[in-house]
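Asker: My structure is in upload_9.txt, and what it holds is compact mmCIF, N, CA and C atoms:
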# COMPACT_ATOMS: atom_id res chain seq x y z
N MET A 1251 147.49 71.81 11.49
CA MET A 1251 148.70 71.05 11.24
C MET A 1251 148.38 69.57 11.10
N LEU A 1252 148.41 68.79 12.14
CA LEU A 1252 148.09 67.36 12.09
C LEU A 1252 146.78 67.16 12.82
N SER A 1253 145.68 67.16 12.09
CA SER A 1253 144.39 67.08 12.76
C SER A 1253 144.17 65.69 13.33
N GLY A 1254 143.52 65.62 14.48
CA GLY A 1254 143.24 64.35 15.11
C GLY A 1254 144.39 63.81 15.93
N MET A 1255 145.53 64.46 15.91
CA MET A 1255 146.69 64.01 16.65
C MET A 1255 146.86 64.88 17.89
N THR A 1256 147.68 64.44 18.80
CA THR A 1256 147.98 65.27 19.95
C THR A 1256 148.98 66.35 19.54
N THR A 1257 149.29 67.24 20.45
CA THR A 1257 150.24 68.30 20.15
C THR A 1257 151.60 67.70 19.81
N PRO A 1258 152.18 68.06 18.67
CA PRO A 1258 153.49 67.52 18.30
C PRO A 1258 154.56 67.94 19.31
N VAL A 1259 155.50 67.06 19.56
CA VAL A 1259 156.60 67.31 20.50
C VAL A 1259 157.90 67.01 19.78
N ARG A 1260 158.90 67.85 20.01
CA ARG A 1260 160.22 67.61 19.41
C ARG A 1260 160.80 66.31 19.93
N CYS A 1261 161.38 65.52 19.03
CA CYS A 1261 161.98 64.24 19.38
C CYS A 1261 163.36 64.48 19.99
N THR A 1262 163.64 63.80 21.09
CA THR A 1262 164.96 63.94 21.73
C THR A 1262 165.97 62.96 21.16
N GLU A 1263 165.50 61.89 20.53
CA GLU A 1263 166.41 60.88 20.00
C GLU A 1263 167.14 61.34 18.74
N CYS A 1264 166.53 62.23 17.98
CA CYS A 1264 167.19 62.72 16.76
C CYS A 1264 167.56 64.19 16.89
N ASP A 1265 167.78 64.64 18.13
CA ASP A 1265 168.20 66.02 18.43
C ASP A 1265 167.22 67.07 17.92
N GLY A 1266 165.92 66.75 17.97
CA GLY A 1266 164.90 67.73 17.63
C GLY A 1266 164.65 67.93 16.15
N ARG A 1267 165.24 67.10 15.29
CA ARG A 1267 165.00 67.25 13.85
C ARG A 1267 163.60 66.78 13.46
N GLY A 1268 163.01 65.89 14.26
CA GLY A 1268 161.70 65.35 13.94
C GLY A 1268 160.68 65.69 15.01
N TRP A 1269 159.44 65.43 14.70
CA TRP A 1269 158.32 65.65 15.62
C TRP A 1269 157.74 64.31 16.01
N LYS A 1270 157.40 64.14 17.28
CA LYS A 1270 156.74 62.92 17.72
C LYS A 1270 155.24 63.13 17.61
N ILE A 1271 154.58 62.12 17.08
CA ILE A 1271 153.13 62.16 16.98
C ILE A 1271 152.58 60.84 17.52
N VAL A 1272 151.32 60.83 17.86
CA VAL A 1272 150.68 59.60 18.29
C VAL A 1272 150.14 58.90 17.07
N THR A 1273 150.51 57.63 16.91
CA THR A 1273 150.04 56.87 15.75
C THR A 1273 149.24 55.67 16.19
N ARG A 1274 148.49 55.15 15.26
CA ARG A 1274 147.72 53.95 15.51
C ARG A 1274 148.06 52.94 14.42
N ARG A 1275 149.34 52.62 14.29
CA ARG A 1275 149.80 51.69 13.25
C ARG A 1275 149.21 50.31 13.47
N GLY A 1276 148.60 49.76 12.45
CA GLY A 1276 148.08 48.41 12.52
C GLY A 1276 146.80 48.28 13.32
N HIS A 1277 146.17 49.39 13.70
CA HIS A 1277 145.01 49.30 14.58
C HIS A 1277 143.85 48.56 13.92
N VAL A 1278 143.59 48.81 12.64
CA VAL A 1278 142.48 48.16 11.95
C VAL A 1278 142.74 46.66 11.86
N THR A 1279 143.96 46.28 11.47
CA THR A 1279 144.30 44.86 11.38
C THR A 1279 144.23 44.21 12.75
N ALA A 1280 144.76 44.89 13.75
CA ALA A 1280 144.78 44.34 15.11
C ALA A 1280 143.36 44.14 15.63
N ALA A 1281 142.49 45.10 15.37
CA ALA A 1281 141.11 44.98 15.84
C ALA A 1281 140.41 43.81 15.15
N GLY A 1282 140.77 43.55 13.89
CA GLY A 1282 140.18 42.46 13.15
C GLY A 1282 140.50 41.09 13.71
N VAL A 1283 141.66 40.94 14.32
CA VAL A 1283 142.04 39.65 14.91
C VAL A 1283 141.94 39.66 16.42
N GLY A 1284 141.33 40.72 16.96
CA GLY A 1284 141.08 40.75 18.40
C GLY A 1284 142.26 41.17 19.24
N LEU A 1285 143.24 41.81 18.64
CA LEU A 1285 144.42 42.24 19.39
C LEU A 1285 144.66 43.73 19.18
N ALA A 1286 143.67 44.55 19.46
CA ALA A 1286 143.77 45.98 19.20
C ALA A 1286 145.00 46.56 19.89
N ALA A 1287 145.86 47.11 19.09
CA ALA A 1287 147.12 47.66 19.61
C ALA A 1287 146.87 49.01 20.27
N SER A 1288 147.63 49.32 21.26
CA SER A 1288 147.51 50.63 21.89
C SER A 1288 148.25 51.65 21.02
N THR A 1289 147.95 52.90 21.25
CA THR A 1289 148.62 53.94 20.48
C THR A 1289 150.05 54.07 20.97
N ARG A 1290 150.89 54.61 20.12
CA ARG A 1290 152.28 54.82 20.50
C ARG A 1290 152.79 56.10 19.87
N GLU A 1291 153.80 56.66 20.47
CA GLU A 1291 154.41 57.87 19.91
C GLU A 1291 155.54 57.47 18.98
N GLU A 1292 155.56 58.08 17.80
CA GLU A 1292 156.62 57.83 16.84
C GLU A 1292 157.10 59.14 16.29
N CYS A 1293 158.37 59.18 15.99
CA CYS A 1293 158.97 60.35 15.37
C CYS A 1293 158.86 60.20 13.86
N LEU A 1294 158.51 61.29 13.18
CA LEU A 1294 158.40 61.25 11.72
C LEU A 1294 159.76 61.22 11.04
N TYR A 1295 160.82 61.56 11.77
CA TYR A 1295 162.16 61.62 11.20
C TYR A 1295 162.94 60.33 11.45
N CYS A 1296 162.84 59.80 12.66
CA CYS A 1296 163.60 58.59 13.04
C CYS A 1296 163.06 57.37 12.29
N PRO A 1297 163.95 56.41 11.99
CA PRO A 1297 163.44 55.17 11.41
C PRO A 1297 162.59 54.44 12.46
N THR A 1298 161.50 53.84 12.02
CA THR A 1298 160.61 53.18 12.97
C THR A 1298 161.20 51.84 13.39
N PRO A 1299 161.07 51.50 14.65
CA PRO A 1299 161.57 50.19 15.09
C PRO A 1299 160.67 49.08 14.54
N ALA A 1300 161.23 47.91 14.47
CA ALA A 1300 160.44 46.77 14.00
C ALA A 1300 159.31 46.50 14.98
N GLU A 1301 158.15 46.24 14.45
CA GLU A 1301 157.01 45.91 15.30
C GLU A 1301 157.26 44.58 15.98
N THR A 1302 156.70 44.41 17.13
CA THR A 1302 156.79 43.13 17.82
C THR A 1302 155.94 42.12 17.08
N PRO A 1303 156.51 41.00 16.67
CA PRO A 1303 155.68 40.02 15.97
C PRO A 1303 154.66 39.38 16.91
N HIS A 1304 153.55 38.98 16.36
CA HIS A 1304 152.48 38.35 17.12
C HIS A 1304 152.26 36.96 16.56
N GLU A 1305 151.62 36.11 17.33
CA GLU A 1305 151.38 34.76 16.85
C GLU A 1305 149.93 34.35 17.06
N ARG A 1306 149.47 33.49 16.18
CA ARG A 1306 148.14 32.90 16.25
C ARG A 1306 148.30 31.41 15.99
N PHE A 1307 147.37 30.65 16.52
CA PHE A 1307 147.36 29.21 16.30
C PHE A 1307 146.10 28.89 15.51
N GLU A 1308 146.28 28.46 14.26
CA GLU A 1308 145.16 28.10 13.40
C GLU A 1308 144.94 26.60 13.49
N TRP A 1309 143.69 26.19 13.66
CA TRP A 1309 143.38 24.77 13.68
C TRP A 1309 142.36 24.47 12.60
N GLU A 1310 142.42 23.25 12.08
CA GLU A 1310 141.48 22.85 11.03
C GLU A 1310 141.29 21.35 11.04
N VAL A 1311 140.11 20.93 10.60
CA VAL A 1311 139.79 19.52 10.43
C VAL A 1311 139.69 19.28 8.93
N ARG A 1312 140.38 18.26 8.44
CA ARG A 1312 140.33 17.86 7.03
C ARG A 1312 139.59 16.53 6.94
N ILE A 1313 138.58 16.50 6.07
CA ILE A 1313 137.74 15.31 5.93
C ILE A 1313 138.06 14.65 4.59
N ALA A 1314 138.35 13.36 4.63
CA ALA A 1314 138.64 12.61 3.40
C ALA A 1314 137.35 12.45 2.60
N SER A 1315 137.46 12.69 1.29
CA SER A 1315 136.30 12.54 0.41
C SER A 1315 136.76 11.84 -0.87
N ALA A 1316 135.85 11.59 -1.75
CA ALA A 1316 136.18 10.93 -3.01
C ALA A 1316 137.11 11.78 -3.87
N HIS A 1317 137.09 13.09 -3.70
CA HIS A 1317 137.89 14.01 -4.51
C HIS A 1317 139.10 14.53 -3.75
N GLY A 1318 139.58 13.79 -2.76
CA GLY A 1318 140.73 14.24 -1.97
C GLY A 1318 140.29 14.60 -0.56
N GLU A 1319 140.68 15.78 -0.13
CA GLU A 1319 140.30 16.24 1.21
C GLU A 1319 139.45 17.50 1.11
N ALA A 1320 138.51 17.60 2.04
CA ALA A 1320 137.67 18.79 2.12
C ALA A 1320 137.92 19.43 3.48
N LEU A 1321 137.84 20.73 3.52
CA LEU A 1321 138.03 21.46 4.76
C LEU A 1321 136.77 21.36 5.61
N GLY A 1322 136.94 20.94 6.85
CA GLY A 1322 135.83 20.87 7.79
C GLY A 1322 135.86 22.08 8.69
N ALA A 1323 135.60 21.87 9.97
CA ALA A 1323 135.62 22.98 10.94
C ALA A 1323 137.04 23.54 11.04
N CYS A 1324 137.12 24.85 11.28
CA CYS A 1324 138.43 25.49 11.41
C CYS A 1324 138.27 26.75 12.25
N GLY A 1325 139.38 27.27 12.72
CA GLY A 1325 139.36 28.48 13.52
C GLY A 1325 140.76 28.89 13.90
N SER A 1326 140.85 29.91 14.75
CA SER A 1326 142.16 30.36 15.19
C SER A 1326 142.04 30.91 16.60
N SER A 1327 143.17 30.89 17.30
CA SER A 1327 143.20 31.36 18.67
C SER A 1327 144.57 31.95 18.95
N ALA A 1328 144.62 32.84 19.92
CA ALA A 1328 145.89 33.42 20.32
C ALA A 1328 146.67 32.46 21.23
N PHE A 1329 146.01 31.39 21.69
CA PHE A 1329 146.64 30.48 22.64
C PHE A 1329 146.64 29.06 22.11
N GLN A 1330 147.77 28.38 22.27
CA GLN A 1330 147.92 27.01 21.77
C GLN A 1330 146.94 26.06 22.45
N ALA A 1331 146.79 26.14 23.76
CA ALA A 1331 145.89 25.24 24.49
C ALA A 1331 144.45 25.40 24.04
N THR A 1332 144.03 26.62 23.78
CA THR A 1332 142.67 26.87 23.30
C THR A 1332 142.47 26.27 21.92
N ALA A 1333 143.47 26.42 21.05
CA ALA A 1333 143.37 25.85 19.71
C ALA A 1333 143.27 24.33 19.79
N MET A 1334 144.04 23.71 20.69
CA MET A 1334 143.98 22.26 20.86
C MET A 1334 142.61 21.82 21.37
N ASP A 1335 142.07 22.55 22.32
CA ASP A 1335 140.73 22.23 22.84
C ASP A 1335 139.66 22.35 21.77
N GLU A 1336 139.72 23.41 20.98
CA GLU A 1336 138.72 23.62 19.93
C GLU A 1336 138.82 22.53 18.86
N LEU A 1337 140.05 22.17 18.49
CA LEU A 1337 140.24 21.10 17.50
C LEU A 1337 139.72 19.78 18.06
N ARG A 1338 140.02 19.49 19.30
CA ARG A 1338 139.54 18.26 19.95
C ARG A 1338 138.01 18.22 19.96
N LYS A 1339 137.39 19.34 20.31
CA LYS A 1339 135.93 19.43 20.35
C LYS A 1339 135.32 19.21 18.96
N ALA A 1340 135.93 19.82 17.94
CA ALA A 1340 135.42 19.70 16.58
C ALA A 1340 135.55 18.26 16.07
N MET A 1341 136.67 17.61 16.37
CA MET A 1341 136.87 16.25 15.89
C MET A 1341 135.96 15.26 16.61
N ARG A 1342 135.72 15.47 17.89
CA ARG A 1342 134.81 14.60 18.64
C ARG A 1342 133.37 14.77 18.17
N GLY A 1343 133.03 15.94 17.65
CA GLY A 1343 131.67 16.22 17.18
C GLY A 1343 131.37 15.63 15.82
N MET A 1344 132.38 15.11 15.14
CA MET A 1344 132.17 14.51 13.81
C MET A 1344 131.67 13.07 13.97
N PRO A 1345 130.91 12.56 12.98
CA PRO A 1345 130.49 11.16 13.03
C PRO A 1345 131.70 10.22 13.09
N ARG A 1346 131.57 9.10 13.79
CA ARG A 1346 132.70 8.18 14.00
C ARG A 1346 133.17 7.52 12.71
N ASP A 1347 132.27 7.36 11.73
CA ASP A 1347 132.63 6.65 10.50
C ASP A 1347 133.32 7.55 9.46
N VAL A 1348 133.50 8.82 9.75
CA VAL A 1348 134.13 9.75 8.82
C VAL A 1348 135.64 9.70 9.00
N SER A 1349 136.36 9.58 7.89
CA SER A 1349 137.82 9.59 7.92
C SER A 1349 138.29 11.04 7.92
N MET A 1350 139.04 11.42 8.94
CA MET A 1350 139.46 12.82 9.06
C MET A 1350 140.82 12.90 9.73
N ARG A 1351 141.41 14.07 9.62
CA ARG A 1351 142.64 14.39 10.33
C ARG A 1351 142.57 15.85 10.70
N GLY A 1352 143.32 16.22 11.72
CA GLY A 1352 143.33 17.62 12.16
C GLY A 1352 144.75 18.14 12.18
N GLY A 1353 144.87 19.44 12.28
CA GLY A 1353 146.18 20.05 12.34
C GLY A 1353 146.12 21.42 13.00
N ILE A 1354 147.23 21.78 13.62
CA ILE A 1354 147.38 23.11 14.21
C ILE A 1354 148.64 23.72 13.62
N ALA A 1355 148.50 24.94 13.12
CA ALA A 1355 149.63 25.65 12.53
C ALA A 1355 149.89 26.92 13.34
N LEU A 1356 151.16 27.21 13.53
CA LEU A 1356 151.56 28.44 14.21
C LEU A 1356 151.82 29.49 13.16
N MET A 1357 151.12 30.63 13.29
CA MET A 1357 151.32 31.76 12.37
C MET A 1357 151.98 32.90 13.14
N VAL A 1358 153.12 33.36 12.65
CA VAL A 1358 153.78 34.51 13.24
C VAL A 1358 153.66 35.63 12.22
N TYR A 1359 153.13 36.77 12.65
CA TYR A 1359 152.91 37.87 11.72
C TYR A 1359 153.22 39.20 12.40
N ASP A 1360 153.35 40.20 11.57
CA ASP A 1360 153.63 41.55 12.02
C ASP A 1360 152.53 42.44 11.47
N PHE A 1361 151.97 43.30 12.29
CA PHE A 1361 150.91 44.18 11.82
C PHE A 1361 151.42 45.08 10.71
N GLY A 1362 150.61 45.25 9.70
CA GLY A 1362 150.98 46.08 8.57
C GLY A 1362 151.69 45.29 7.49
N ALA A 1363 152.11 44.06 7.75
CA ALA A 1363 152.78 43.24 6.75
C ALA A 1363 151.73 42.52 5.91
N GLY A 1364 152.04 42.32 4.65
CA GLY A 1364 151.14 41.57 3.79
C GLY A 1364 151.23 40.09 4.09
N ASP A 1365 150.41 39.30 3.39
CA ASP A 1365 150.41 37.85 3.60
C ASP A 1365 151.79 37.23 3.41
N ASP A 1366 152.58 37.80 2.50
CA ASP A 1366 153.91 37.23 2.25
C ASP A 1366 154.89 37.52 3.39
N GLY A 1367 154.54 38.41 4.31
CA GLY A 1367 155.40 38.71 5.45
C GLY A 1367 155.09 37.84 6.66
N TRP A 1368 154.18 36.89 6.51
CA TRP A 1368 153.78 36.03 7.61
C TRP A 1368 154.50 34.69 7.47
N SER A 1369 154.81 34.06 8.57
CA SER A 1369 155.35 32.71 8.51
C SER A 1369 154.33 31.77 9.12
N LYS A 1370 154.20 30.61 8.52
CA LYS A 1370 153.21 29.64 8.98
C LYS A 1370 153.83 28.26 8.90
N ARG A 1371 153.73 27.50 10.00
CA ARG A 1371 154.23 26.12 9.97
C ARG A 1371 153.33 25.25 10.84
N GLU A 1372 153.16 24.02 10.39
CA GLU A 1372 152.33 23.07 11.14
C GLU A 1372 153.13 22.60 12.35
N ILE A 1373 152.48 22.62 13.53
CA ILE A 1373 153.18 22.20 14.75
C ILE A 1373 152.57 20.94 15.37
N PHE A 1374 151.28 20.64 15.09
CA PHE A 1374 150.63 19.44 15.60
C PHE A 1374 149.76 18.82 14.52
N ARG A 1375 149.71 17.50 14.52
CA ARG A 1375 148.73 16.76 13.73
C ARG A 1375 147.86 16.00 14.73
N ALA A 1376 146.61 15.82 14.38
CA ALA A 1376 145.68 15.14 15.28
C ALA A 1376 144.90 14.09 14.52
N TYR A 1377 144.56 13.04 15.23
CA TYR A 1377 143.73 11.98 14.68
C TYR A 1377 142.89 11.39 15.80
N VAL A 1378 141.83 10.69 15.41
CA VAL A 1378 140.95 10.04 16.39
C VAL A 1378 141.34 8.57 16.45
N ASP A 1379 141.67 8.09 17.64
CA ASP A 1379 142.05 6.68 17.79
C ASP A 1379 140.79 5.80 17.85
N PRO A 1380 140.94 4.48 17.80
CA PRO A 1380 139.77 3.58 17.80
C PRO A 1380 138.87 3.74 19.03
N ALA A 1381 139.42 4.21 20.14
CA ALA A 1381 138.61 4.40 21.35
C ALA A 1381 137.81 5.69 21.33
N GLY A 1382 138.04 6.53 20.31
CA GLY A 1382 137.31 7.79 20.19
C GLY A 1382 138.02 8.99 20.81
N SER A 1383 139.25 8.79 21.28
CA SER A 1383 140.04 9.90 21.83
C SER A 1383 140.82 10.60 20.74
N VAL A 1384 140.98 11.89 20.87
CA VAL A 1384 141.78 12.65 19.91
C VAL A 1384 143.22 12.63 20.38
N ARG A 1385 144.12 12.19 19.51
CA ARG A 1385 145.55 12.10 19.83
C ARG A 1385 146.30 13.14 19.02
N PHE A 1386 147.24 13.81 19.67
CA PHE A 1386 148.07 14.82 19.02
C PHE A 1386 149.48 14.30 18.90
N GLU A 1387 150.11 14.60 17.78
CA GLU A 1387 151.53 14.30 17.64
C GLU A 1387 152.22 15.57 17.14
N ARG A 1388 153.34 15.87 17.77
CA ARG A 1388 154.11 17.08 17.42
C ARG A 1388 154.81 16.87 16.09
N VAL A 1389 154.78 17.87 15.24
CA VAL A 1389 155.47 17.84 13.96
C VAL A 1389 156.88 18.39 14.17
N VAL A 1390 157.87 17.58 13.87
CA VAL A 1390 159.27 17.99 14.06
C VAL A 1390 159.85 18.29 12.69
N LYS A 1391 160.45 19.47 12.57
CA LYS A 1391 161.07 19.85 11.29
C LYS A 1391 162.46 20.34 11.52
Kindly present the structure from the file in structure tokens form.
Answerer:
Amino acid sequence: MLSGMTTPVRCTECDGRGWKIVTRRGHVTAAGVGLAASTREECLYCPTPAETPHERFEWEVRIASAHGEALGACGSSAFQATAMDELRKAMRGMPRDVSMRGGIALMVYDFGAGDDGWSKREIFRAYVDPAGSVRFERVVK
């Protein structure tokens, strides 16, 4: 019948019209970003509930060049504080005479959704002050 799945069970929510199976929706995507989802039981007949959205904080350093801006160090984290620390570390590691700016964007996404199903907005801008400290300013929209 359904190989690799557990024994099917009649669903009680749809009065037994459907079968519940164990699924691994979004497991490959989740494993790729370090958030491997646990398995869950779903009915093949019932409409699936909306997945819980997840968020990531992307940080990047932009370096001014003769041709505009070039992307410097970048990364992402599941935690805002970690993203701020990594951005601060990357900006402090750059030579002092380089003109640069940093930014942190919040990405909210749902597993199984394409790129167009994700929302992304900048939440912090960062710059290095004359004393060499990295300063953050919140982006208000």
Asker: Quick one, how far is CA of Glu1372 in chain A from CA of Glu1305 in chain A?
Answerer: 13.0 Å
Asker: Figure out the distance between atom C of Trp1368 in chain A and atom C of Arg1312 in chain A, please, to one decimal in Å.
Answerer: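 Distance reported for this atom pair: 23.5 Å.
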Asker: State, in Å with one decimal place, the distance from CA of Ser1369 in chain A to CA of His1304 in chain A.
Answerer: 10.7 Å
Asker: If you count only N, CA and C atoms, which residues fall within 6.5 Å of range 1343-1352 of chain A, apart from same-chain ones fewer than 6 positions away, as a PyMOL selection string?
Answerer: chain A and resi 1310-1314+1374-1378
Asker: Let me make sure I understand: among A:Arg1306, A:Thr1262, A:Met1341, A:Asp1379, which one has the smallest atom-to-atom distance to Ala1323 in chain A if we use all atoms listed in the file?
Answerer: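 Closest candidate: A:Met1341.
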Asker: Return as JSON the centre and edge lengths, in Å with one decimal, of the box along x, y and z that encloses every atom of range 1324-1333 of chain A in the file, padded by 8 Å per side.
Answerer:
{"center_x": 142.5, "center_y": 28.9, "center_z": 17.9, "size_x": 26.8, "size_y": 25.1, "size_z": 29.2}
Asker: Fewer than 2 positions away in the same chain doesn't count, so skip those; otherwise give me all residues within 5 Å of Val1389 in chain A, counting only N, CA and C atoms, as a ChimeraX atom specification.
Answerer: /A:1373-1374,1387,1391
